[in-house]
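Dropping query-v9.cif in here (mmCIF, C-alpha atoms):
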data_work
loop_
_atom_site.label_atom_id
_atom_site.label_comp_id
_atom_site.auth_asym_id
_atom_site.auth_seq_id
_atom_site.Cartn_x
_atom_site.Cartn_y
_atom_site.Cartn_z
CA MET A 779 19.10 40.03 -39.99
CA ASP A 780 18.87 43.65 -41.08
CA THR A 781 20.88 46.40 -39.56
CA MET A 782 18.74 49.34 -38.52
CA THR A 783 19.36 52.64 -36.86
CA ILE A 784 18.14 52.85 -33.32
CA THR A 785 18.32 55.67 -30.80
CA LEU A 786 20.12 54.84 -27.58
CA LEU A 787 19.42 57.09 -24.60
CA THR A 788 22.21 57.03 -22.06
CA GLU A 789 22.93 59.17 -19.03
CA ASN A 790 23.17 62.49 -20.81
CA VAL A 791 23.15 61.74 -24.52
CA ASP A 792 20.84 60.48 -27.21
CA THR A 793 22.93 58.58 -29.76
CA SER A 794 21.96 57.15 -33.14
CA VAL A 795 23.44 53.68 -33.36
CA ALA A 796 23.53 51.05 -36.14
CA ALA A 797 22.21 47.86 -34.55
CA GLN A 798 20.53 44.54 -35.11
CA VAL A 799 17.53 43.61 -33.02
CA SER A 800 17.25 39.85 -32.66
CA GLY A 801 14.55 38.51 -30.37
CA GLU A 802 15.22 40.18 -27.03
CA ASP A 803 18.82 41.00 -27.91
CA LEU A 804 20.38 44.16 -29.31
CA TRP A 805 23.66 43.75 -31.21
CA LEU A 806 25.95 46.73 -31.78
CA ALA A 807 29.34 47.08 -33.43
CA ALA A 808 32.05 47.21 -30.75
CA ASP A 809 32.95 50.82 -31.54
CA GLU A 810 29.27 51.81 -31.26
CA LEU A 811 29.22 50.44 -27.70
CA THR A 812 32.26 52.53 -26.82
CA HIS A 813 30.82 55.60 -28.54
CA ALA A 814 27.50 55.33 -26.72
CA THR A 815 28.59 54.15 -23.26
CA GLY A 816 32.34 54.70 -22.89
CA TRP A 817 32.84 50.95 -22.30
CA LYS A 818 35.20 48.92 -24.48
CA LEU A 819 35.51 45.18 -24.98
CA THR A 820 39.09 43.99 -24.31
CA PRO A 821 40.65 40.57 -23.57
CA ASP A 822 39.97 41.39 -19.86
CA GLY A 823 36.27 41.91 -20.45
CA PHE A 824 34.32 45.18 -20.66
CA CYS A 825 36.54 48.03 -19.49
CA GLN A 826 36.14 51.69 -18.72
CA ALA A 827 39.24 53.52 -17.47
CA SER A 828 40.92 51.10 -15.04
CA LEU A 829 37.73 49.17 -14.24
CA CYS A 830 37.08 45.88 -16.06
CA ILE A 831 34.16 43.48 -15.79
CA PRO A 832 35.06 40.01 -17.11
CA ILE A 833 32.59 38.07 -19.24
CA PRO A 834 31.55 34.98 -17.23
CA PRO A 835 33.49 31.95 -18.59
CA GLY A 836 31.51 29.81 -21.00
CA ARG A 837 28.97 32.56 -21.70
CA GLU A 838 30.92 34.44 -24.38
CA ALA A 839 28.27 33.70 -27.03
CA GLU A 840 25.69 35.72 -25.08
CA PHE A 841 27.94 38.78 -25.29
CA THR A 842 29.86 38.69 -28.56
CA ARG A 843 29.55 37.32 -32.08
CA ALA A 844 32.14 36.33 -34.67
CA ASP A 845 31.65 39.65 -36.51
CA GLY A 846 32.81 41.47 -33.35
CA SER A 847 29.39 42.85 -32.44
CA ILE A 848 28.25 43.06 -28.82
CA ASN A 849 24.89 42.32 -27.23
CA LEU A 850 23.92 45.43 -25.29
CA VAL A 851 21.17 43.55 -23.43
CA ALA A 852 23.67 41.06 -22.00
CA PHE A 853 26.12 43.90 -21.25
CA ALA A 854 23.47 45.88 -19.34
CA HIS A 855 22.41 42.79 -17.42
CA LEU A 856 26.03 42.06 -16.47
CA ARG A 857 26.35 45.60 -15.11
CA GLY A 858 23.01 45.50 -13.33
CA GLN A 859 21.75 48.35 -15.50
CA ALA A 860 18.15 48.63 -16.64
CA LEU A 861 17.70 48.67 -20.45
CA VAL A 862 14.21 49.15 -21.86
CA HIS A 863 12.75 49.97 -25.28
CA ASP A 864 9.59 51.16 -27.00
CA ASP A 865 7.18 48.77 -28.76
CA GLU A 866 8.94 49.24 -32.08
CA ALA A 867 12.38 48.60 -30.53
CA THR A 868 13.69 51.74 -32.24
CA VAL A 869 14.40 53.70 -29.04
CA TRP A 870 16.27 52.13 -26.13
CA ALA A 871 17.00 53.68 -22.74
CA LEU A 872 19.88 52.60 -20.53
CA ASP A 873 19.52 53.74 -16.94
CA ALA A 874 22.56 54.94 -15.02
CA SER A 875 20.92 56.08 -11.80
CA THR A 876 21.52 52.85 -9.88
CA ALA A 877 25.30 53.13 -10.05
CA ALA A 878 25.10 56.84 -9.24
CA ARG A 879 22.90 56.23 -6.20
CA SER A 880 25.16 53.50 -4.82
CA ALA A 881 28.14 55.82 -5.16
CA THR A 882 26.25 58.63 -3.43
CA ARG A 883 25.26 56.41 -0.53
CA THR A 884 28.91 55.48 0.03
CA SER A 885 30.56 58.88 -0.42
CA LEU A 886 27.58 61.14 0.45
CA GLU A 887 28.93 63.40 -2.28
CA ALA A 888 26.06 65.28 -3.91
CA PRO A 889 25.66 63.94 -7.46
CA ASP A 890 26.79 66.49 -10.02
CA PHE A 891 24.59 67.58 -12.92
CA THR A 892 24.64 70.14 -15.70
CA LEU A 893 21.38 71.76 -16.81
CA PRO A 894 20.32 74.86 -18.75
CA ASP A 895 18.59 77.94 -17.43
CA LEU A 896 15.86 79.71 -19.40
CA SER A 897 18.39 81.41 -21.68
CA GLY A 898 20.07 78.07 -22.44
CA ARG A 899 23.15 78.82 -20.38
CA LEU A 900 24.49 75.67 -18.69
CA HIS A 901 25.05 75.46 -14.94
CA SER A 902 26.68 72.67 -12.96
CA LEU A 903 26.39 71.90 -9.29
CA HIS A 904 30.20 71.71 -9.03
CA ASP A 905 30.44 75.40 -10.01
CA HIS A 906 29.19 76.12 -6.48
CA ARG A 907 31.73 74.07 -4.55
CA GLY A 908 32.85 76.11 -1.54
CA LYS A 909 29.34 77.42 -0.86
CA LYS A 910 26.37 75.92 0.90
CA VAL A 911 23.73 74.97 -1.64
CA LEU A 912 20.01 74.51 -1.19
CA LEU A 913 18.86 72.41 -4.15
CA ALA A 914 15.10 72.50 -4.64
CA SER A 915 12.84 70.91 -7.24
CA TRP A 916 9.54 72.31 -8.45
CA ALA A 917 7.33 71.81 -11.50
CA SER A 918 4.86 73.80 -13.57
CA TRP A 919 2.31 70.99 -13.42
CA MET B 1093 4.87 78.14 -6.59
CA ASP B 1094 7.88 78.41 -4.33
CA LEU B 1095 10.26 80.22 -6.69
CA PRO B 1096 9.69 83.72 -5.22
CA VAL B 1097 10.35 82.33 -1.72
CA TRP B 1098 13.61 80.72 -2.83
CA GLN B 1099 14.67 83.88 -4.66
CA ALA B 1100 14.01 85.99 -1.55
CA LEU B 1101 16.04 83.55 0.54
CA TYR B 1102 18.86 83.73 -1.99
CA THR B 1103 18.86 87.55 -1.88
CA GLU B 1104 19.02 87.44 1.91
CA LEU B 1105 21.72 84.77 2.32
CA ALA B 1106 23.88 84.97 -0.83
CA PRO B 1107 26.39 87.29 0.92
CA ARG B 1108 26.95 84.48 3.44
CA ASN B 1109 28.48 81.99 1.03
CA PHE B 1110 25.17 80.37 0.19
CA THR B 1111 23.25 79.77 -2.99
CA VAL B 1112 19.94 78.37 -4.04
CA ILE B 1113 19.59 76.22 -7.16
CA THR B 1114 16.04 75.60 -8.30
CA VAL B 1115 15.28 72.92 -10.87
CA ALA B 1116 12.02 72.57 -12.79
CA MET B 1117 11.00 68.95 -13.36
CA ASP B 1118 9.32 69.75 -16.65
CA ALA B 1119 9.40 67.44 -19.65
CA GLY B 1120 7.83 70.28 -21.63
CA GLY B 1121 10.93 72.40 -20.96
CA ALA B 1122 10.85 76.18 -21.18
CA ALA B 1123 7.42 76.14 -22.84
CA ASP B 1124 5.97 74.96 -19.51
CA ALA B 1125 8.38 76.45 -16.98
CA ALA B 1126 9.14 79.88 -18.47
CA GLN B 1127 6.16 81.83 -17.20
CA TRP B 1128 6.88 80.88 -13.58
CA ILE B 1129 10.61 81.55 -13.88
CA GLU B 1130 10.06 84.90 -15.57
CA ALA B 1131 7.58 85.94 -12.87
CA ALA B 1132 10.11 85.14 -10.12
CA THR B 1133 13.02 87.00 -11.83
CA PRO B 1134 15.57 84.68 -10.24
CA ALA B 1135 19.13 85.87 -9.70
CA HIS B 1136 20.03 82.33 -8.54
CA PRO B 1137 20.51 79.46 -11.03
CA SER B 1138 16.96 78.48 -11.98
CA LEU B 1139 17.31 75.45 -14.20
CA ILE B 1140 15.09 73.27 -16.38
CA ASP B 1141 15.34 69.49 -16.28
CA VAL B 1142 13.30 67.88 -19.07
CA GLN B 1143 14.41 64.35 -18.14
CA HIS B 1144 13.90 64.78 -14.37
CA ARG B 1145 17.56 63.83 -14.13
CA VAL B 1146 18.06 65.53 -10.75
CA ALA B 1147 15.10 63.61 -9.32
CA GLU B 1148 16.67 60.33 -10.51
CA LEU B 1149 20.09 61.21 -9.09
CA TYR B 1150 18.70 62.30 -5.72
CA ASP B 1151 15.93 59.67 -5.63
CA TRP B 1152 13.12 62.21 -5.36
CA VAL B 1153 9.53 61.23 -6.10
CA ASN B 1154 7.64 64.47 -5.59
CA VAL B 1155 7.90 68.25 -5.83
CA PRO B 1156 9.11 70.09 -3.96
CA SER B 1157 12.05 67.97 -2.85
CA ILE B 1158 15.04 69.65 -1.31
CA ALA B 1159 18.64 68.72 -0.54
CA TRP B 1160 21.15 70.65 1.54
CA ILE B 1161 24.72 70.41 0.26
CA ASP B 1162 27.68 71.72 2.27
CA GLU B 1163 30.78 73.63 1.13
CA ALA B 1164 32.65 70.38 0.44
CA GLY B 1165 29.87 69.15 -1.86
CA ARG B 1166 28.48 66.64 0.65
CA ILE B 1167 24.80 66.04 1.27
CA VAL B 1168 23.74 67.01 4.79
CA ARG B 1169 19.97 66.71 4.18
CA PRO B 1170 19.07 64.51 1.23
CA ASN B 1171 15.37 64.83 0.81
CA ASP B 1172 12.70 66.86 2.48
CA PRO B 1173 9.61 68.63 1.17
CA GLY B 1174 10.52 72.01 2.69
CA PHE B 1175 7.43 73.79 3.87
CA ALA B 1176 5.08 71.76 1.69
CA GLY B 1177 2.76 69.61 3.76
CA ASP B 1178 -0.39 67.56 3.65
CA TYR B 1179 -2.49 70.51 4.81
CA PHE B 1180 -3.70 70.93 1.19
CA ARG B 1181 -5.40 67.54 1.05
CA GLY B 1182 -8.87 68.53 2.15
CA MET B 1183 -9.04 71.29 -0.46
CA MET B 1184 -11.76 69.63 -2.50
CA GLU B 1185 -14.08 69.17 0.49
CA PRO B 1186 -17.00 71.61 0.65
CA ASP B 1187 -16.23 72.89 4.16
CA PHE B 1188 -12.47 73.26 3.65
CA ASP B 1189 -10.95 76.16 5.59
CA PHE B 1190 -8.65 77.98 3.18
CA GLN B 1191 -7.70 80.59 5.77
CA ALA B 1192 -6.47 77.87 8.09
CA MET B 1193 -4.50 76.25 5.25
CA MET B 1194 -2.81 79.55 4.36
CA ALA B 1195 -1.97 80.18 8.02
CA GLU B 1196 -0.48 76.69 8.36
CA GLN B 1197 1.55 77.16 5.21
CA GLN B 1198 2.91 80.47 6.48
CA ARG B 1199 3.83 78.85 9.76
CA GLN B 1200 5.62 75.93 8.10
CA GLN B 1201 7.40 78.27 5.71
CA ALA B 1202 8.69 80.48 8.53
CA ARG B 1203 9.87 77.40 10.39
CA TYR B 1204 11.67 75.92 7.40
CA LEU B 1205 13.38 79.16 6.41
CA ALA B 1206 14.53 79.64 10.02
CA ALA B 1207 16.11 76.16 9.84
CA VAL B 1208 17.96 77.09 6.63
CA ARG B 1209 19.20 80.34 8.21
CA ASP B 1210 20.44 78.39 11.22
CA TRP B 1211 22.35 76.00 8.94
CA VAL B 1212 23.91 78.89 7.00
CA GLU B 1213 24.88 80.50 10.29
CA ARG B 1214 26.19 77.48 12.18
CA GLY B 1215 26.99 74.78 9.61
CA PRO B 1216 27.43 71.33 11.15
CA ALA B 1217 26.35 72.64 14.59
CA CYS B 1218 22.86 73.20 13.16
CA PRO B 1219 20.68 70.30 14.36
CA TYR B 1220 19.01 70.06 10.94
CA ALA B 1221 22.32 69.35 9.22
CA LEU B 1222 22.40 65.57 9.57
CA SER B 1223 25.31 63.31 10.42
CA PRO B 1224 26.65 60.98 7.68
CA GLU B 1225 24.84 58.05 9.34
CA GLN B 1226 21.54 59.93 9.40
CA VAL B 1227 21.95 60.95 5.75
CA ARG B 1228 22.65 57.33 4.75
CA GLU B 1229 19.55 56.19 6.61
CA ARG B 1230 17.49 58.53 4.46
CA LEU B 1231 19.06 57.43 1.18
CA ALA B 1232 17.49 54.33 -0.32
CA GLY B 1233 19.74 51.60 -1.67
CA PRO B 1234 19.67 50.39 -5.28
CA ASN B 1235 16.37 48.90 -6.39
CA PRO B 1236 16.02 47.10 -9.76
CA ASP B 1237 12.38 48.16 -10.16
CA HIS B 1238 13.29 51.79 -9.60
CA ALA B 1239 16.11 51.50 -12.14
CA ARG B 1240 13.69 50.11 -14.75
CA ALA B 1241 11.17 52.80 -13.85
CA ALA B 1242 13.83 55.48 -14.40
CA ALA B 1243 14.76 53.98 -17.78
CA TYR B 1244 11.10 53.89 -18.87
CA PHE B 1245 10.60 57.47 -17.72
CA ARG B 1246 13.65 58.59 -19.71
CA LEU B 1247 12.23 56.74 -22.72
CA GLY B 1248 8.86 58.44 -22.19
CA THR B 1249 10.28 61.96 -22.07
CA TYR B 1250 12.23 61.27 -25.29
CA LEU B 1251 9.19 59.90 -27.10
CA GLN B 1252 7.08 62.84 -25.92
CA HIS B 1253 9.67 65.27 -27.32
CA HIS B 1254 9.61 63.50 -30.63
CA GLY B 1255 5.86 63.73 -31.05
CA ARG B 1256 5.12 60.12 -30.17
CA SER B 1257 2.61 60.86 -27.42
CA GLU B 1258 0.94 57.45 -27.33
CA ALA B 1259 4.24 55.60 -27.14
CA ALA B 1260 5.31 58.07 -24.45
CA GLN B 1261 2.22 57.30 -22.38
CA ALA B 1262 2.95 53.56 -22.72
CA ALA B 1263 6.46 54.13 -21.38
CA PHE B 1264 5.18 56.38 -18.56
CA ALA B 1265 2.66 53.67 -17.64
CA GLN B 1266 5.53 51.21 -17.17
CA ALA B 1267 7.44 53.71 -15.02
CA LYS B 1268 4.36 54.36 -12.87
CA ALA B 1269 3.65 50.64 -12.42
CA LEU B 1270 7.25 49.99 -11.34
CA ARG B 1271 7.31 52.96 -8.96
CA PRO B 1272 3.74 53.83 -7.98
CA GLU B 1273 4.90 56.13 -5.17
CA SER B 1274 6.37 58.60 -7.67
CA TRP B 1275 4.06 61.57 -8.02
CA ASN B 1276 6.62 63.05 -10.40
CA TYR B 1277 5.98 60.21 -12.86
CA LYS B 1278 2.21 60.31 -12.44
CA ARG B 1279 1.71 64.02 -12.66
CA GLN B 1280 4.23 64.59 -15.46
CA ALA B 1281 2.56 61.82 -17.50
CA TRP B 1282 -0.88 63.36 -16.91
CA HIS B 1283 0.43 66.77 -17.92
CA CYS B 1284 1.91 65.35 -21.14
CA GLU B 1285 -1.42 63.69 -21.88
CA GLU B 1286 -3.51 66.77 -21.30
CA VAL B 1287 -2.74 70.15 -19.74
CA GLY B 1288 -4.58 70.46 -16.43
CA LYS B 1289 -4.93 66.73 -15.85
CA SER B 1290 -2.06 66.72 -13.32
CA GLY B 1291 -4.33 68.62 -10.92
CA GLY B 1292 -7.64 67.19 -12.12
CA PRO B 1293 -10.06 64.57 -10.80
CA GLU B 1294 -7.60 61.70 -11.38
CA PHE B 1295 -5.04 63.45 -9.18
CA TRP B 1296 -7.51 64.10 -6.37
CA ALA B 1297 -8.83 60.54 -6.53
CA GLU B 1298 -5.28 59.23 -6.07
CA VAL B 1299 -4.62 61.62 -3.20
CA LYS B 1300 -7.81 60.44 -1.55
CA ALA B 1301 -6.80 56.81 -2.09
CA LEU B 1302 -3.70 57.44 0.03
CA ASP B 1303 -6.05 57.39 2.98
CA ASP B 1304 -3.87 57.75 6.09
CA ARG B 1305 -0.58 57.52 4.19
CA PRO B 1306 1.27 60.82 3.63
CA TYR B 1307 1.46 62.64 0.31
CA TYR B 1308 4.56 64.50 1.38
CA PRO B 1309 7.10 62.84 3.67
CA ARG B 1310 7.47 64.80 6.91
CA SER B 1311 10.22 67.41 7.04
CA GLU B 1312 11.14 66.27 10.56
CA LEU B 1313 12.51 69.63 11.53
#

In structure tokens, write the structure found in this file.
Amino acid sequence: MDTMTITLLTENVDTSVAAQVSGEDLWLAADELTHATGWKLTPDGFCQASLCIPIPPGREAEFTRADGSINLVAFAHLRGQALVHDDEATVWALDASTAARSATRTSLEAPDFTLPDLSGRLHSLHDHRGKKVLLASWASW
Amino acid sequence: MDLPVWQALYTELAPRNFTVITVAMDAGGAADAAQWIEAATPAHPSLIDVQHRVAELYDWVNVPSIAWIDEAGRIVRPNDPGFAGDYFRGMMEPDFDFQAMMAEQQRQQARYLAAVRDWVERGPACPYALSPEQVRERLAGPNPDHARAAAYFRLGTYLQHHGRSEAAQAAFAQAKALRPESWNYKRQAWHCEEVGKSGGPEFWAEVKALDDRPYYPRSEL
């Protein structure tokens, strides 16, 4: 199986990742997973900060291989995250909005974002904490 | 376009600890949004969102969509169309009354801006600032189809940026099939395919096909 370079689109970043596409699976080196998603495989399962999701017992082979690589498709499924790709399987997109929406519904905290204005200057919602904010979408189309 | 209205509201209410943030849902970025932003000369943050990230985070499916956020960063109105309304829908009919449409729009606009002023003045005592329970009722729970739709849309905007228009349209088609109620997906995909198509015959045919269903949700002010 050849290693190829794919593009992985996550919440805010587009990352080039060395990977192997095998059937419906996508295998990445463990450090590539951490680089792209912030999650790390440990003896307790996949962990980010203090949160760990164990690999279901008996299903280790779906998630990891002897060379230490990790199946991103199985990882996304375990987390309930959508992962889709183009026809050539060279660009993959991992959706993070589900987790964000669940958190919003619990806390009612307005989801933060950082976006550029016309001059390229970045603005974040949290810069305006302490004020009332009317957030409005529009489009040129 | 609503940008001049939002800028005027910002000028009026900024001294009262209030700001407006406008976000363009434009995969084409500044190339598409710039002329409108420049014409409005915004002093408020007027941002460009090529991935429609804000729409995904706030679960918005159309423009305009508006959220009210209080001083503590909490949502007090998650999603309303402001003064946009379905009064535009008969526009393609031969006997459509444009004067009446403009008058209705003016009326809705005055009503909506009065509601915002009331909120800025009175905060939680404003009846349009919703309770946590009411806000939760208006926020949809997680939906696996919507999550896949969002991932396909993200894929589509990336492919479009990298010159792979056909692959982008294939990804947009998946997003639209998984979330057919999203006019953002439909109209952005049309616009990427061909400038003008987002307001062309395909758009009007789909609006007509709504029949008695709304295009915009009601503001419920």

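In this model, the gap between CA of Ala844 in chain A and CA of Gly816 in chain A comes to 21.8 Å.
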
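With all atoms listed in the file as the atoms that count, the residue of B:Ala1123, B:Met1117, B:Ala1241, B:Leu1101 with the shortest distance to Thr876 in chain A is B:Ala1241.
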
Next item on the list: With the file shown as input, list the residues that the PyMOL selection byres ((chain A and resi 821) around 12) selects, as JSON, numbers by chain.
Entry: {"A": [818, 819, 820, 822, 823, 824, 825, 830, 831, 832, 833, 838]}

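Checking B:Trp1160, B:Phe1180, B:Tyr1220, B:Phe1295 one by one against chain A, counting only C-alpha atoms, you find the shortest gap at B:Trp1160.
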
Item checked: Proximity to chain A - best of B:Pro1173, B:Pro1156, B:Gly1120, B:Pro1216, only C-alpha atoms -> B:Pro1156

Check: Expanded to explicit residues, what is the PyMOL selection byres ((chain B) within 6 of (chain A)) for this file, as number ranges by chain?
Finding: B: 1109-1118, 1125, 1138-1140, 1149, 1155-1163, 1165-1167, 1228, 1234, 1239-1240, 1243, 1247

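From CA of Asp845 in chain A back to CA of Ala867 in chain A, the distance works out to 22.1 Å.
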